[in-house]
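Q: So here's run_34.pdb, just PDB, C-alpha atoms, pLDDT in the B column:
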```pdb
MODEL        1
ATOM      1  CA  MET A 166     213.088  59.351  27.866  1.00 75.00           C
ATOM      2  CA  PRO A 167     212.104  59.998  31.520  1.00 80.00           C
ATOM      3  CA  HIS A 168     212.066  56.256  32.140  1.00 84.00           C
ATOM      4  CA  THR A 169     215.703  56.042  31.022  1.00 87.00           C
ATOM      5  CA  VAL A 170     216.696  58.911  33.314  1.00 87.00           C
ATOM      6  CA  PHE A 171     214.969  57.371  36.347  1.00 85.00           C
ATOM      7  CA  ARG A 172     216.418  53.910  35.660  1.00 88.00           C
ATOM      8  CA  ARG A 173     219.980  55.145  35.200  1.00 89.00           C
ATOM      9  CA  ARG A 174     219.699  57.578  38.091  1.00 85.00           C
ATOM     10  CA  SER A 175     218.647  54.752  40.408  1.00 86.00           C
ATOM     11  CA  GLY A 176     221.645  52.810  39.078  1.00 89.00           C
ATOM     12  CA  GLY A 177     223.983  55.506  40.383  1.00 90.00           C
ATOM     13  CA  ASP A 178     224.721  57.493  37.221  1.00 90.00           C
ATOM     14  CA  SER A 179     224.928  61.269  37.495  1.00 90.00           C
ATOM     15  CA  VAL A 180     222.793  63.542  35.349  1.00 89.00           C
ATOM     16  CA  GLU A 181     225.922  64.687  33.523  1.00 91.00           C
ATOM     17  CA  GLN A 182     226.669  61.074  32.563  1.00 92.00           C
ATOM     18  CA  ILE A 183     223.094  60.439  31.402  1.00 90.00           C
ATOM     19  CA  GLN A 184     222.615  63.638  29.388  1.00 91.00           C
ATOM     20  CA  PRO A 185     224.792  62.847  26.318  1.00 91.00           C
ATOM     21  CA  ASP A 186     223.003  59.518  25.771  1.00 90.00           C
ATOM     22  CA  LEU A 187     219.545  61.089  25.571  1.00 91.00           C
ATOM     23  CA  ILE A 188     218.190  62.298  22.238  1.00 91.00           C
ATOM     24  CA  ILE A 189     215.130  64.530  21.806  1.00 90.00           C
ATOM     25  CA  PRO A 190     212.860  62.645  19.358  1.00 90.00           C
ATOM     26  CA  THR A 191     210.620  65.456  18.062  1.00 90.00           C
ATOM     27  CA  GLY A 192     210.246  69.198  17.902  1.00 90.00           C
ATOM     28  CA  ARG A 193     212.564  72.060  17.217  1.00 93.00           C
ATOM     29  CA  ARG A 194     215.506  70.439  19.040  1.00 90.00           C
ATOM     30  CA  LYS A 195     215.046  67.032  17.390  1.00 92.00           C
ATOM     31  CA  GLY A 196     218.230  64.984  17.462  1.00 93.00           C
ATOM     32  CA  GLN A 197     219.885  67.036  20.216  1.00 93.00           C
ATOM     33  CA  SER A 198     220.459  66.159  23.862  1.00 91.00           C
ATOM     34  CA  PRO A 199     218.334  67.871  26.520  1.00 91.00           C
ATOM     35  CA  ASP A 200     219.955  70.415  28.821  1.00 92.00           C
ATOM     36  CA  VAL A 201     221.173  69.210  32.205  1.00 92.00           C
ATOM     37  CA  ALA A 202     218.842  71.746  33.846  1.00 92.00           C
ATOM     38  CA  ASP A 203     215.857  70.226  32.016  1.00 90.00           C
ATOM     39  CA  ILE A 204     216.766  66.783  33.327  1.00 90.00           C
ATOM     40  CA  HIS A 205     217.075  68.101  36.881  1.00 90.00           C
ATOM     41  CA  ARG A 206     213.714  69.851  36.500  1.00 90.00           C
ATOM     42  CA  ALA A 207     212.063  66.652  35.287  1.00 87.00           C
ATOM     43  CA  LEU A 208     213.504  64.711  38.235  1.00 87.00           C
ATOM     44  CA  ALA A 209     212.245  67.341  40.692  1.00 88.00           C
ATOM     45  CA  GLU A 210     208.751  67.333  39.167  1.00 88.00           C
ATOM     46  CA  HIS A 211     208.671  63.538  39.326  1.00 86.00           C
ATOM     47  CA  GLU A 212     209.698  63.540  43.011  1.00 85.00           C
ATOM     48  CA  LYS A 213     207.068  66.165  43.784  1.00 85.00           C
ATOM     49  CA  ALA A 214     204.402  64.099  42.042  1.00 84.00           C
ATOM     50  CA  GLN A 215     205.441  60.984  43.978  1.00 82.00           C
ATOM     51  CA  ALA A 216     205.315  62.742  47.371  1.00 75.00           C
ATOM     52  CA  PRO A 217     202.346  61.923  49.605  1.00 71.00           C
ATOM     53  CA  ARG A 218     199.479  64.380  49.343  1.00 65.00           C
ATOM     54  CA  SER A 219     200.104  65.768  52.840  1.00 60.00           C
ATOM     55  CA  ASP A 220     203.689  66.733  51.918  1.00 52.00           C
ATOM     56  CA  ARG A 221     202.603  68.847  48.955  1.00 53.00           C
ATOM     57  CA  GLY A 222     201.044  71.555  51.099  1.00 57.00           C
ATOM     58  CA  SER A 223     197.453  72.573  51.144  1.00 57.00           C
ATOM     59  CA  ALA A 224     195.496  74.757  48.831  1.00 60.00           C
ATOM     60  CA  GLN A 225     193.767  76.527  51.693  1.00 63.00           C
ATOM     61  CA  ARG A 226     193.549  80.271  51.530  1.00 66.00           C
ATOM     62  CA  LEU A 227     195.302  82.083  54.335  1.00 60.00           C
ATOM     63  CA  ARG A 228     193.097  84.519  56.182  1.00 63.00           C
ATOM     64  CA  ARG A 229     194.341  87.871  57.332  1.00 58.00           C
ATOM     65  CA  PRO A 230     193.658  88.902  60.904  1.00 56.00           C
ATOM     66  CA  SER A 231     190.745  91.208  61.417  1.00 62.00           C
ATOM     67  CA  PRO A 232     191.766  94.861  61.000  1.00 63.00           C
ATOM     68  CA  THR A 233     189.504  95.987  63.865  1.00 69.00           C
ATOM     69  CA  LEU A 234     190.967  96.073  67.341  1.00 66.00           C
ATOM     70  CA  GLY A 235     189.128  94.816  70.358  1.00 75.00           C
ATOM     71  CA  GLU A 236     187.888  97.463  72.809  1.00 77.00           C
ATOM     72  CA  ASP A 237     190.385  96.401  75.508  1.00 80.00           C
ATOM     73  CA  THR A 238     193.318  96.668  73.103  1.00 80.00           C
ATOM     74  CA  ARG A 239     192.104 100.069  71.898  1.00 76.00           C
ATOM     75  CA  ARG A 240     191.899 101.382  75.493  1.00 79.00           C
ATOM     76  CA  ARG A 241     195.383 100.107  76.391  1.00 81.00           C
ATOM     77  CA  LEU A 242     196.911 101.655  73.268  1.00 76.00           C
ATOM     78  CA  THR A 243     195.157 104.978  73.838  1.00 78.00           C
ATOM     79  CA  LYS A 244     196.283 105.052  77.470  1.00 80.00           C
ATOM     80  CA  SER A 245     199.928 104.176  76.635  1.00 78.00           C
ATOM     81  CA  LEU A 246     200.084 106.667  73.755  1.00 76.00           C
ATOM     82  CA  SER A 247     198.563 109.525  75.796  1.00 76.00           C
ATOM     83  CA  ALA A 248     201.254 109.011  78.452  1.00 74.00           C
ATOM     84  CA  LEU A 249     203.970 109.842  75.911  1.00 72.00           C
ATOM     85  CA  PRO A 250     205.185 113.431  75.616  1.00 75.00           C
ATOM     86  CA  GLY A 251     203.594 115.291  72.743  1.00 65.00           C
ATOM     87  CA  PRO A 252     205.346 116.833  69.727  1.00 59.00           C
TER      88      PRO A 252
ENDMDL
END
```
Using the file provided, produce a representation of the structure as structure tokens.
A:
Amino acid sequence: MPHTVFRRRSGGDSVEQIQPDLIIPTGRRKGQSPDVADIHRALAEHEKAQAPRSDRGSAQRLRRPSPTLGEDTRRRLTKSLSALPGP
């Protein structure tokens, strides 16, 4: 079924034109046509799988900045905060 969608899509047919011609062969919805949203989802997954590896993003873990402040930053903050009027 995906092959038919890709072939007809490359031929210029819209998903709405393709959908009535598709029949689900097995399962609970056997004999029915797939939803338009399911076809769009399948096309998106196929495009994502075909994208070069660098376009998929990396699986690297993002690191948070260190919660400790440097001594210079601590001094500047303390000095600027002590110059403010108190409560």
Q: Translate the PyMOL selection byres ((chain A and resi 183) around 12), as applied to the file shown, into an explicit residue set as a PyMOL selection string.
A: chain A and resi 166-182+184-188+198-201+204-205
Q: What separation in Å, quoted to one decimal, exists between CA of Pro190 in chain A and CA of Ala209 in chain A?
A: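 According to the coordinates, CA of Pro190 in chain A and CA of Ala209 in chain A are separated by 21.9 Å.
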Q: So what do you get for CA of Glu210 in chain A versus CA of Gly196 in chain A, distance-wise?
A: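 Calculated distance between CA of Glu210 in chain A and CA of Gly196 in chain A is 23.8 Å.
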